[in-house]
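To be precise, the following lines are coords.txt, and they hold compact mmCIF, C-alpha atoms.
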# COMPACT_ATOMS: atom_id res chain seq x y z
CA MET A 1 85.88 133.82 115.53
CA ILE A 2 86.28 134.24 111.77
CA LYS A 3 84.05 133.08 108.95
CA GLY A 4 85.96 130.94 106.48
CA SER A 5 84.55 132.98 103.59
CA HIS A 6 86.20 136.09 105.08
CA LEU A 7 89.62 134.43 104.81
CA VAL A 8 89.25 133.67 101.12
CA GLY A 9 90.90 136.48 99.17
CA ARG A 10 92.96 137.67 102.14
CA ALA A 11 96.63 138.46 101.43
CA VAL A 12 99.31 136.05 102.67
CA ILE A 13 102.63 137.61 103.70
CA ASP A 14 105.91 135.82 104.46
CA MET A 15 107.09 137.86 107.45
CA GLU A 16 110.65 136.50 107.28
CA ALA A 17 111.18 137.50 103.65
CA ALA A 18 108.84 140.52 103.84
CA ALA A 19 107.19 139.28 100.64
CA ARG A 20 103.62 138.82 99.53
CA LEU A 21 103.01 135.16 98.66
CA GLY A 22 99.59 135.73 97.16
CA LYS A 23 96.03 135.47 98.41
CA VAL A 24 93.99 132.68 99.98
CA LYS A 25 92.10 130.79 97.29
CA GLU A 26 90.84 127.88 99.40
CA ILE A 27 90.88 126.59 102.98
CA ILE A 28 92.08 123.02 103.53
CA VAL A 29 90.38 121.10 106.34
CA GLN A 30 91.70 118.14 108.33
CA ARG A 31 89.98 114.89 107.48
CA ASP A 32 88.17 114.80 110.85
CA GLY A 33 86.77 118.29 110.17
CA GLU A 34 87.92 119.70 113.49
CA ARG A 35 90.74 122.02 112.38
CA VAL A 36 92.11 123.99 109.47
CA ALA A 37 95.02 122.02 107.97
CA GLY A 38 96.26 124.74 105.62
CA PHE A 39 95.54 127.11 102.77
CA VAL A 40 95.77 127.09 99.00
CA VAL A 41 97.48 130.37 98.12
CA VAL A 42 97.59 131.69 94.58
CA HIS A 43 99.85 134.41 93.20
CA GLY A 44 99.40 136.11 89.83
CA GLU A 45 95.93 134.81 89.08
CA THR A 46 93.94 136.65 86.42
CA ILE A 47 90.61 138.36 87.12
CA VAL A 48 88.71 135.37 85.74
CA GLY A 49 90.56 132.99 88.09
CA THR A 50 93.04 131.38 85.72
CA GLY A 51 96.82 131.26 85.61
CA GLY A 52 99.16 132.14 88.41
CA THR A 53 101.11 129.90 90.72
CA ARG A 54 99.49 127.89 93.49
CA ARG A 55 101.08 126.64 96.66
CA MET A 56 99.78 124.92 99.73
CA ILE A 57 100.72 126.41 103.07
CA PRO A 58 100.27 124.27 106.19
CA ALA A 59 98.45 125.79 109.15
CA SER A 60 101.58 125.18 111.24
CA ALA A 61 103.35 127.91 109.21
CA VAL A 62 100.75 130.57 110.13
CA TYR A 63 102.06 133.19 112.51
CA SER A 64 98.96 135.34 112.76
CA ILE A 65 95.58 135.97 111.15
CA GLY A 66 94.97 139.68 110.96
CA PRO A 67 92.06 141.72 109.58
CA ASP A 68 93.92 142.47 106.33
CA ALA A 69 96.46 139.67 105.93
CA ILE A 70 97.64 136.29 107.14
CA THR A 71 101.30 136.32 108.14
CA VAL A 72 103.34 133.14 107.79
CA ARG A 73 106.86 131.96 108.56
CA GLY A 74 108.50 131.10 105.25
CA SER A 75 110.98 128.74 106.90
CA ALA A 76 108.07 126.69 108.30
CA ILE A 77 106.63 126.32 104.78
CA ARG A 78 109.87 124.84 103.48
CA GLU A 79 110.26 122.42 106.41
CA ARG A 80 108.56 119.02 106.18
CA SER A 81 105.24 120.25 104.81
CA PRO A 82 102.51 117.64 105.21
CA ASP A 83 100.74 116.38 102.10
CA LEU A 84 97.70 118.64 101.95
CA SER A 85 96.59 117.71 98.42
CA THR A 86 94.43 114.78 99.54
CA LEU A 87 92.55 116.63 102.29
CA PRO A 88 89.05 118.12 101.85
CA ARG A 89 88.52 121.81 101.09
CA MET A 90 86.02 124.27 102.55
CA SER A 91 84.30 124.22 99.15
CA ASP A 92 83.66 120.47 99.66
CA ILE A 93 81.74 121.28 102.86
CA ILE A 94 79.76 124.32 101.73
CA GLY A 95 76.37 123.28 100.37
CA ARG A 96 76.23 119.99 102.30
CA LYS A 97 73.17 119.18 104.41
CA MET A 98 73.34 119.77 108.17
CA LEU A 99 71.38 117.23 110.19
CA THR A 100 70.73 116.79 113.90
CA ARG A 101 71.74 113.48 115.51
CA SER A 102 68.10 112.44 115.35
CA GLY A 103 68.07 113.00 111.58
CA ARG A 104 66.21 116.32 111.35
CA LEU A 105 67.37 118.53 108.47
CA LEU A 106 68.56 121.94 109.66
CA GLY A 107 69.54 123.27 106.25
CA LEU A 108 72.56 123.63 103.99
CA ILE A 109 75.97 124.73 105.27
CA ASP A 110 76.78 128.27 104.09
CA ASP A 111 80.08 128.90 105.90
CA MET A 112 82.54 127.65 108.52
CA LEU A 113 83.33 129.40 111.80
CA ILE A 114 87.03 129.24 112.65
CA ASN A 115 88.83 130.13 115.88
CA GLY A 116 91.54 132.48 114.59
CA ALA A 117 93.83 131.73 117.53
CA ASP A 118 94.29 128.00 116.97
CA GLY A 119 92.51 127.10 113.72
CA THR A 120 89.83 124.90 115.24
CA ILE A 121 86.52 124.78 113.44
CA VAL A 122 84.01 125.81 116.09
CA GLY A 123 80.81 125.66 114.04
CA PHE A 124 78.98 126.13 110.80
CA VAL A 125 76.55 128.70 109.45
CA VAL A 126 73.40 127.17 107.98
CA GLY A 127 70.98 128.76 105.50
CA GLU A 128 69.21 132.00 106.41
CA GLY A 129 65.70 130.54 106.39
CA VAL A 130 66.63 127.85 108.90
CA ARG A 131 68.36 130.23 111.33
CA ASN A 132 65.12 132.18 111.74
CA LYS A 133 63.37 128.99 112.96
CA LEU A 134 66.00 128.07 115.57
Would you write the structure of this file as structure tokens?
Amino acid sequence: MIKGSHLVGRAVIDMEAAARLGKVKEIIVQRDGERVAGFVVVHGETIVGTGGTRRMIPASAVYSIGPDAITVRGSAIRERSPDLSTLPRMSDIIGRKMLTRSGRLLGLIDDMLINGADGTIVGFVVGEGVRNKL
């Protein structure tokens, strides 16, 4: 299990071209919220977060998620990439309220928990103060 925040900033490497594509800027989530749909990868961004080139890489192109880098198949990126621009981002989810089915507020979402093997979203991390009460 990997926290989504730990993937942001991780290097993305095209293993077919042996080239660094950039680093993960944002995680794209499927509309149903059950799986990672892809990543926004930026290359050449300045320290203040401007400039550089951005590209969206579908989750289907990911070969492996390692501790230092995410490896992808470049040929899978160029093949029929789905339109990821309309899907929600992890940043759209962070800060939202987490409620029980009965309507009890648990707290605000701080992070997503992702299964690194298949990209399913297995849970969320809620605020520190709330976790101590559970």
Given only C-alpha atoms as the counted atoms, nearest of A:Met112, A:Val8, A:Val41, A:Ala18 to A:Thr53: A:Val41
d(atom CA of A:Thr120, atom CA of A:Ala19) in Å: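 Separating atom CA of A:Thr120 from atom CA of A:Ala19 is a distance of 26.9 Å.
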Which residue out of A:Arg89, A:Arg104, A:Arg10, A:Ile94 has the minimum interatomic distance to A:Val126 when all atoms listed in the file are used?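 Among the listed residues, A:Ile94 lies closest to A:Val126.
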Skipping near chain neighbours, those fewer than 4 positions away, what residues fall within 12 Å of A:Asn115 using all atoms listed in the file, listed as a ChimeraX atom specification? /A:1-4,7,34-36,64-65,119-124
Residues from last step as file, C-alpha atoms, as a PDB file, in the frame of the given file:
ATOM      1  CA  MET A   1      85.880 133.820 115.530  1.00  0.00           C
ATOM      2  CA  ILE A   2      86.280 134.240 111.770  1.00  0.00           C
ATOM      3  CA  LYS A   3      84.050 133.080 108.950  1.00  0.00           C
ATOM      4  CA  GLY A   4      85.960 130.940 106.480  1.00  0.00           C
ATOM      5  CA  LEU A   7      89.620 134.430 104.810  1.00  0.00           C
ATOM      6  CA  GLU A  34      87.920 119.700 113.490  1.00  0.00           C
ATOM      7  CA  ARG A  35      90.740 122.020 112.380  1.00  0.00           C
ATOM      8  CA  VAL A  36      92.110 123.990 109.470  1.00  0.00           C
ATOM      9  CA  SER A  64      98.960 135.340 112.760  1.00  0.00           C
ATOM     10  CA  ILE A  65      95.580 135.970 111.150  1.00  0.00           C
ATOM     11  CA  GLY A 119      92.510 127.100 113.720  1.00  0.00           C
ATOM     12  CA  THR A 120      89.830 124.900 115.240  1.00  0.00           C
ATOM     13  CA  ILE A 121      86.520 124.780 113.440  1.00  0.00           C
ATOM     14  CA  VAL A 122      84.010 125.810 116.090  1.00  0.00           C
ATOM     15  CA  GLY A 123      80.810 125.660 114.040  1.00  0.00           C
ATOM     16  CA  PHE A 124      78.980 126.130 110.800  1.00  0.00           C
TER      17      PHE A 124
END
Which residue, A:Leu84, A:Val42, A:Ile70, A:Ile77, has the smallest gap to A:Gly116 when you use all atoms listed in the file? A:Ile70
When you look at A:Tyr63 with a cut-off of 12 Å (counting only C-alpha atoms), what residues show up, excluding the ones that are within fewer than 2 positions of it in the same chain? I need them as an NGL selection string. :A and (12-16 or 57-61 or 65-66 or 69-77 or 116-119)
Export C-alpha atoms of the chosen residues as a PDB file, keeping the file's coordinate frame?
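The new file result_15.pdb reads:
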ATOM      1  CA  VAL A  12      99.310 136.050 102.670  1.00  0.00           C
ATOM      2  CA  ILE A  13     102.630 137.610 103.700  1.00  0.00           C
ATOM      3  CA  ASP A  14     105.910 135.820 104.460  1.00  0.00           C
ATOM      4  CA  MET A  15     107.090 137.860 107.450  1.00  0.00           C
ATOM      5  CA  GLU A  16     110.650 136.500 107.280  1.00  0.00           C
ATOM      6  CA  ILE A  57     100.720 126.410 103.070  1.00  0.00           C
ATOM      7  CA  PRO A  58     100.270 124.270 106.190  1.00  0.00           C
ATOM      8  CA  ALA A  59      98.450 125.790 109.150  1.00  0.00           C
ATOM      9  CA  SER A  60     101.580 125.180 111.240  1.00  0.00           C
ATOM     10  CA  ALA A  61     103.350 127.910 109.210  1.00  0.00           C
ATOM     11  CA  ILE A  65      95.580 135.970 111.150  1.00  0.00           C
ATOM     12  CA  GLY A  66      94.970 139.680 110.960  1.00  0.00           C
ATOM     13  CA  ALA A  69      96.460 139.670 105.930  1.00  0.00           C
ATOM     14  CA  ILE A  70      97.640 136.290 107.140  1.00  0.00           C
ATOM     15  CA  THR A  71     101.300 136.320 108.140  1.00  0.00           C
ATOM     16  CA  VAL A  72     103.340 133.140 107.790  1.00  0.00           C
ATOM     17  CA  ARG A  73     106.860 131.960 108.560  1.00  0.00           C
ATOM     18  CA  GLY A  74     108.500 131.100 105.250  1.00  0.00           C
ATOM     19  CA  SER A  75     110.980 128.740 106.900  1.00  0.00           C
ATOM     20  CA  ALA A  76     108.070 126.690 108.300  1.00  0.00           C
ATOM     21  CA  ILE A  77     106.630 126.320 104.780  1.00  0.00           C
ATOM     22  CA  GLY A 116      91.540 132.480 114.590  1.00  0.00           C
ATOM     23  CA  ALA A 117      93.830 131.730 117.530  1.00  0.00           C
ATOM     24  CA  ASP A 118      94.290 128.000 116.970  1.00  0.00           C
ATOM     25  CA  GLY A 119      92.510 127.100 113.720  1.00  0.00           C
TER      26      GLY A 119
END
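From atom CA of A:Gln30 back to atom CA of A:Glu45, the distance works out to 25.8 Å.
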Atomic separation - atom CA of A:Ile114 relative to atom CA of A:Ser5, Å: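 Interatomic distance here is 10.1 Å.
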I'd like the contact shell of A:Ala11 - 8 Å cut-off, all atoms listed in the file, skipping same-chain residues fewer than 3 positions apart - returned as a list in words.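 Returned residues: Arg20, Leu21, Gly22, Lys23, Val24, Asp68, Ala69 and Ile70 of chain A.
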